[in-house]
Structures are given as C-alpha cells and as structure tokens.
Amino acid sequence: MAVMTAGARLEERWRSILSVHARTMCEIDRALHLHGLGASDFEVLDILAAEGPEEGAQCRVQNLVGRVHLSQSALSRLIARLEKDGLVERSMCAEDRRGVWVALTRRGRDLHAEVLPLQRAVLARMLGDDQPWSGAGQEGAHAVGGEGEPVLRAGVDGQ
C-alpha cells in the first residue's frame, strides 16, 4: 500500500470537488430541463431573485460575472437568451453608459419560484450533510450518484 503525499491528497480532494460539482450541475440540468432551463440559467435567475426580491429590482451584469461561473461573453449570451424567453429585461445604466442592468420579469420570477424547490432538492440530495463525503477535508470521502452508486471514491489508499 503506497503512502500518499500531501500533494497527491490535495490533488485527489480537488478532483473530488470537481466530480461532485459536475454531477450536481448535470442533476440540476436534468431536473430543470422540462421547464426549459439549465443549471446556469437557473443560477442567473436565482441570483437576480436574491439580489432584489421586489419586482423591478435590478442588478448590474458586471456584478453577475463574478458570481456565475461563465465568461463575460457566455454570460451575455445567456442573458440575451433569457431576455428573448421573456424571463429578464436589460436596460442601460444611466450612471455608466458601458454598464447594463438586468432584472427579472414577472414571468422570470414566477418560473424561478416554480423551479426553486427542484433545484434545492437536487442540492440537498447531492450535497446534503448526510453524504459521506460532506465533511470538509475528510479523508476516505466519496461522492454518491443519483441512484446511490458511488461515482468517486477518494480513500487514503488511493482506491
């Protein structure tokens, strides 16, 4: 049995995080697909809903860039698609002509409220405290897939 170096354990922990992230995003995509949304679409709607719970509340697109894990151009395309679908509205920022405001429409708020429980259920299932790997930095961790099958096992012995 080979002893893992600190670097190898760190690398394994990183790969575990990436695996859990990828599986969780795929599960969210599956759960929201029937509603015409993907995980990144929902993330933008969720941030906008949290930024301003009242109707008409706006957020600068620039403020979304650091919170949504997309490039600025990919985020702009996503927002354009959400606008085309009637879920958000864009407007120019009067204080800074380069800036763009984005706000949820009534339809966007309604759809967000409808799918929020689906997304939160996926998060609870995939990331809940009852998951064996949920302890931060815990050795011997593993992620559990949608049907309970282990998708990654990161034990100290490398198995």
# chains A, B, ... in the order shown; residues from 1 in each chain; ligands from 1
$ residues_around --residues "Arg81 of chain A" --least-positions-apart "3" --cutoff "12 Å" --atoms "only C-alpha atoms" --output "list in words"
Gly36, Leu37, Gly38, Ser40, Asp41, Val44, Ala74, Leu75, Ser76, Arg77, Leu78, Lys84, Asp85, Gly86, Leu87, Val88, Glu89 and Arg90 of chain A
$ write_last_selection --atoms "N, CA, C and O atoms" --output "CSV table (one decimal), in the first residue's frame"
chain,number,residue,atom,x,y,z
A,36,GLY,N,-37.4,24.2,-19.4
A,36,GLY,CA,-36.7,25.0,-20.4
A,36,GLY,C,-35.5,25.7,-19.8
A,36,GLY,O,-35.0,26.7,-20.4
A,37,LEU,N,-35.0,25.3,-18.7
A,37,LEU,CA,-33.8,25.9,-18.1
A,37,LEU,C,-32.7,24.9,-17.9
A,37,LEU,O,-32.9,23.7,-17.8
A,38,GLY,N,-31.5,25.4,-17.8
A,38,GLY,CA,-30.3,24.7,-17.5
A,38,GLY,C,-29.8,25.2,-16.1
A,38,GLY,O,-30.3,26.2,-15.6
A,40,SER,N,-27.1,26.8,-15.4
A,40,SER,CA,-26.5,28.2,-15.5
A,40,SER,C,-27.7,29.2,-15.6
A,40,SER,O,-27.6,30.3,-15.0
A,41,ASP,N,-28.7,28.9,-16.4
A,41,ASP,CA,-29.9,29.7,-16.5
A,41,ASP,C,-30.5,30.0,-15.1
A,41,ASP,O,-30.8,31.1,-14.7
A,44,VAL,N,-28.5,32.3,-12.8
A,44,VAL,CA,-28.7,33.7,-13.0
A,44,VAL,C,-30.0,34.2,-12.4
A,44,VAL,O,-30.1,35.2,-11.7
A,74,ALA,N,-20.0,34.5,-22.4
A,74,ALA,CA,-21.0,33.4,-22.3
A,74,ALA,C,-22.2,33.9,-21.4
A,74,ALA,O,-23.4,33.6,-21.7
A,75,LEU,N,-21.9,34.7,-20.4
A,75,LEU,CA,-23.0,35.3,-19.5
A,75,LEU,C,-23.8,36.2,-20.3
A,75,LEU,O,-25.1,36.2,-20.2
A,76,SER,N,-23.2,37.0,-21.2
A,76,SER,CA,-24.0,38.0,-22.0
A,76,SER,C,-24.9,37.2,-23.0
A,76,SER,O,-26.1,37.6,-23.2
A,77,ARG,N,-24.5,36.1,-23.6
A,77,ARG,CA,-25.3,35.3,-24.4
A,77,ARG,C,-26.4,34.6,-23.6
A,77,ARG,O,-27.6,34.6,-24.1
A,78,LEU,N,-26.1,34.2,-22.4
A,78,LEU,CA,-27.2,33.6,-21.6
A,78,LEU,C,-28.2,34.6,-21.2
A,78,LEU,O,-29.4,34.3,-21.3
A,84,LYS,N,-34.8,37.0,-24.5
A,84,LYS,CA,-35.6,36.5,-25.6
A,84,LYS,C,-36.8,35.6,-25.1
A,84,LYS,O,-37.9,35.7,-25.6
A,85,ASP,N,-36.6,34.9,-24.1
A,85,ASP,CA,-37.6,34.0,-23.5
A,85,ASP,C,-38.5,34.7,-22.5
A,85,ASP,O,-39.4,34.2,-22.0
A,86,GLY,N,-38.3,36.0,-22.4
A,86,GLY,CA,-39.2,36.9,-21.5
A,86,GLY,C,-38.9,36.7,-20.0
A,86,GLY,O,-39.8,37.1,-19.2
A,87,LEU,N,-37.8,36.2,-19.6
A,87,LEU,CA,-37.5,35.9,-18.2
A,87,LEU,C,-36.8,37.1,-17.5
A,87,LEU,O,-36.9,37.2,-16.3
A,88,VAL,N,-36.0,37.9,-18.3
A,88,VAL,CA,-35.3,39.0,-17.8
A,88,VAL,C,-35.5,40.2,-18.7
A,88,VAL,O,-35.8,40.0,-19.9
A,89,GLU,N,-35.2,41.4,-18.2
A,89,GLU,CA,-35.1,42.6,-19.0
A,89,GLU,C,-33.8,43.3,-18.8
A,89,GLU,O,-33.3,43.3,-17.7
A,90,ARG,N,-33.2,43.8,-19.9
A,90,ARG,CA,-32.0,44.5,-19.8
A,90,ARG,C,-32.3,46.0,-20.1
A,90,ARG,O,-33.2,46.3,-20.8
$ residues_around --residues "segment 23-30 of chain A" --least-positions-apart "4" --cutoff "10 Å" --atoms "only C-alpha atoms" --output "PyMOL selection string"
chain A and resi 18-19+34-42+118-123+125-127+143-146+151
$ atom_distance --atom1 "atom CA of Val115 of chain A" --atom2 "atom CA of Leu82 of chain A"
15.2 Å
$ select_by_dssp --residues "segment 16-134 of chain A" --states "alpha helix (DSSP H)" --output "VMD selection string"
chain A and resid 16 to 32 39 to 51 61 to 65 72 to 84 106 to 127
$ select_by_dssp --residues "segment 20-146 of chain A" --states "strand (DSSP E)" --output "ChimeraX atom specification"
/A:58-60,88-92,100-104,141-144
$ closest_residue --among "A:Val68, A:Ile47, A:Val61, A:Ala124" --to "Val102 of chain A" --atoms "only C-alpha atoms"
A:Val61
$ residues_around --residues "Glu55 of chain A" --least-positions-apart "4" --cutoff "12 Å" --atoms "only C-alpha atoms" --output "compact mmCIF listing (two decimals) with all heavy atoms, in the first residue's frame"
# COMPACT_ATOMS: atom_id res chain seq x y z
N LEU A 48 -30.52 36.87 -9.33
CA LEU A 48 -31.37 38.05 -9.51
C LEU A 48 -32.50 38.08 -8.50
O LEU A 48 -32.83 39.15 -7.96
CB LEU A 48 -31.91 38.11 -10.94
CG LEU A 48 -30.89 38.39 -12.03
CD1 LEU A 48 -31.54 38.26 -13.40
CD2 LEU A 48 -30.23 39.75 -11.85
N ALA A 49 -33.10 36.94 -8.23
CA ALA A 49 -34.19 36.89 -7.25
C ALA A 49 -33.69 37.22 -5.85
O ALA A 49 -34.37 37.91 -5.09
CB ALA A 49 -34.84 35.50 -7.26
N ALA A 50 -32.49 36.76 -5.52
CA ALA A 50 -31.93 37.04 -4.21
C ALA A 50 -31.46 38.49 -4.08
O ALA A 50 -31.56 39.08 -3.01
CB ALA A 50 -30.76 36.10 -3.93
N GLU A 51 -30.96 39.06 -5.17
CA GLU A 51 -30.47 40.44 -5.16
C GLU A 51 -31.60 41.42 -4.87
O GLU A 51 -31.39 42.40 -4.17
CB GLU A 51 -29.86 40.80 -6.52
CG GLU A 51 -28.47 40.30 -6.71
CD GLU A 51 -27.44 41.03 -5.86
OE1 GLU A 51 -27.42 42.26 -5.85
OE2 GLU A 51 -26.66 40.33 -5.22
N VAL A 88 -36.02 37.86 -18.30
CA VAL A 88 -35.31 39.02 -17.77
C VAL A 88 -35.46 40.18 -18.73
O VAL A 88 -35.82 40.00 -19.89
CB VAL A 88 -33.79 38.74 -17.52
CG1 VAL A 88 -33.58 37.60 -16.55
CG2 VAL A 88 -33.05 38.50 -18.82
N GLU A 89 -35.18 41.37 -18.22
CA GLU A 89 -35.14 42.59 -19.04
C GLU A 89 -33.79 43.25 -18.82
O GLU A 89 -33.27 43.26 -17.70
CB GLU A 89 -36.22 43.58 -18.58
CG GLU A 89 -37.63 43.10 -18.75
CD GLU A 89 -38.63 44.06 -18.13
OE1 GLU A 89 -38.34 44.67 -17.08
OE2 GLU A 89 -39.72 44.18 -18.72
N ALA A 103 -32.90 42.67 -14.88
CA ALA A 103 -33.92 42.45 -13.85
C ALA A 103 -34.82 41.30 -14.27
O ALA A 103 -35.06 41.08 -15.47
CB ALA A 103 -34.75 43.72 -13.66
N LEU A 104 -35.33 40.59 -13.30
CA LEU A 104 -36.31 39.54 -13.58
C LEU A 104 -37.62 40.16 -14.01
O LEU A 104 -38.04 41.18 -13.46
CB LEU A 104 -36.57 38.70 -12.33
CG LEU A 104 -35.51 37.70 -11.91
CD1 LEU A 104 -35.89 37.06 -10.57
CD2 LEU A 104 -35.33 36.64 -12.95
N THR A 105 -38.27 39.55 -14.95
CA THR A 105 -39.63 39.93 -15.31
C THR A 105 -40.58 39.16 -14.38
O THR A 105 -40.15 38.26 -13.63
CB THR A 105 -39.95 39.54 -16.76
OG1 THR A 105 -39.84 38.12 -16.89
CG2 THR A 105 -39.01 40.24 -17.74
N ARG A 106 -41.84 39.47 -14.43
CA ARG A 106 -42.84 38.72 -13.65
C ARG A 106 -42.76 37.25 -14.03
O ARG A 106 -42.78 36.37 -13.18
CB ARG A 106 -44.24 39.30 -13.89
CG ARG A 106 -45.40 38.50 -13.38
CD ARG A 106 -45.42 38.08 -11.91
NE ARG A 106 -44.92 39.00 -10.95
CZ ARG A 106 -44.40 38.63 -9.75
NH1 ARG A 106 -44.35 37.37 -9.41
NH2 ARG A 106 -43.96 39.51 -8.91
N ARG A 107 -42.67 36.97 -15.33
CA ARG A 107 -42.57 35.59 -15.80
C ARG A 107 -41.32 34.91 -15.26
O ARG A 107 -41.35 33.75 -14.86
CB ARG A 107 -42.57 35.57 -17.33
CG ARG A 107 -42.52 34.19 -17.91
CD ARG A 107 -42.67 34.23 -19.41
NE ARG A 107 -42.50 32.88 -19.93
CZ ARG A 107 -42.07 32.59 -21.13
NH1 ARG A 107 -41.79 33.55 -21.97
NH2 ARG A 107 -41.95 31.35 -21.49
N GLY A 108 -40.19 35.64 -15.22
CA GLY A 108 -38.95 35.11 -14.67
C GLY A 108 -39.07 34.79 -13.19
O GLY A 108 -38.61 33.75 -12.72
N ARG A 109 -39.72 35.69 -12.45
CA ARG A 109 -39.93 35.46 -11.01
C ARG A 109 -40.84 34.25 -10.78
O ARG A 109 -40.58 33.43 -9.90
CB ARG A 109 -40.55 36.68 -10.34
CG ARG A 109 -39.57 37.76 -10.09
CD ARG A 109 -40.11 38.87 -9.19
NE ARG A 109 -39.13 39.91 -9.14
CZ ARG A 109 -38.01 39.87 -8.42
NH1 ARG A 109 -37.76 38.83 -7.66
NH2 ARG A 109 -37.14 40.86 -8.45
N ASP A 110 -41.88 34.14 -11.58
CA ASP A 110 -42.80 33.00 -11.43
C ASP A 110 -42.10 31.68 -11.74
O ASP A 110 -42.26 30.70 -11.01
CB ASP A 110 -44.02 33.17 -12.34
CG ASP A 110 -44.93 34.31 -11.89
OD1 ASP A 110 -44.78 34.80 -10.75
OD2 ASP A 110 -45.79 34.71 -12.70
$ atom_distance --atom1 "atom CA of Gln58 of chain A" --atom2 "atom CA of Leu32 of chain A"
24.1 Å
$ closest_residue --among "A:Glu43, A:Glu114, A:Glu11, A:Asp96" --to "His69 of chain A" --atoms "only C-alpha atoms"
A:Glu43
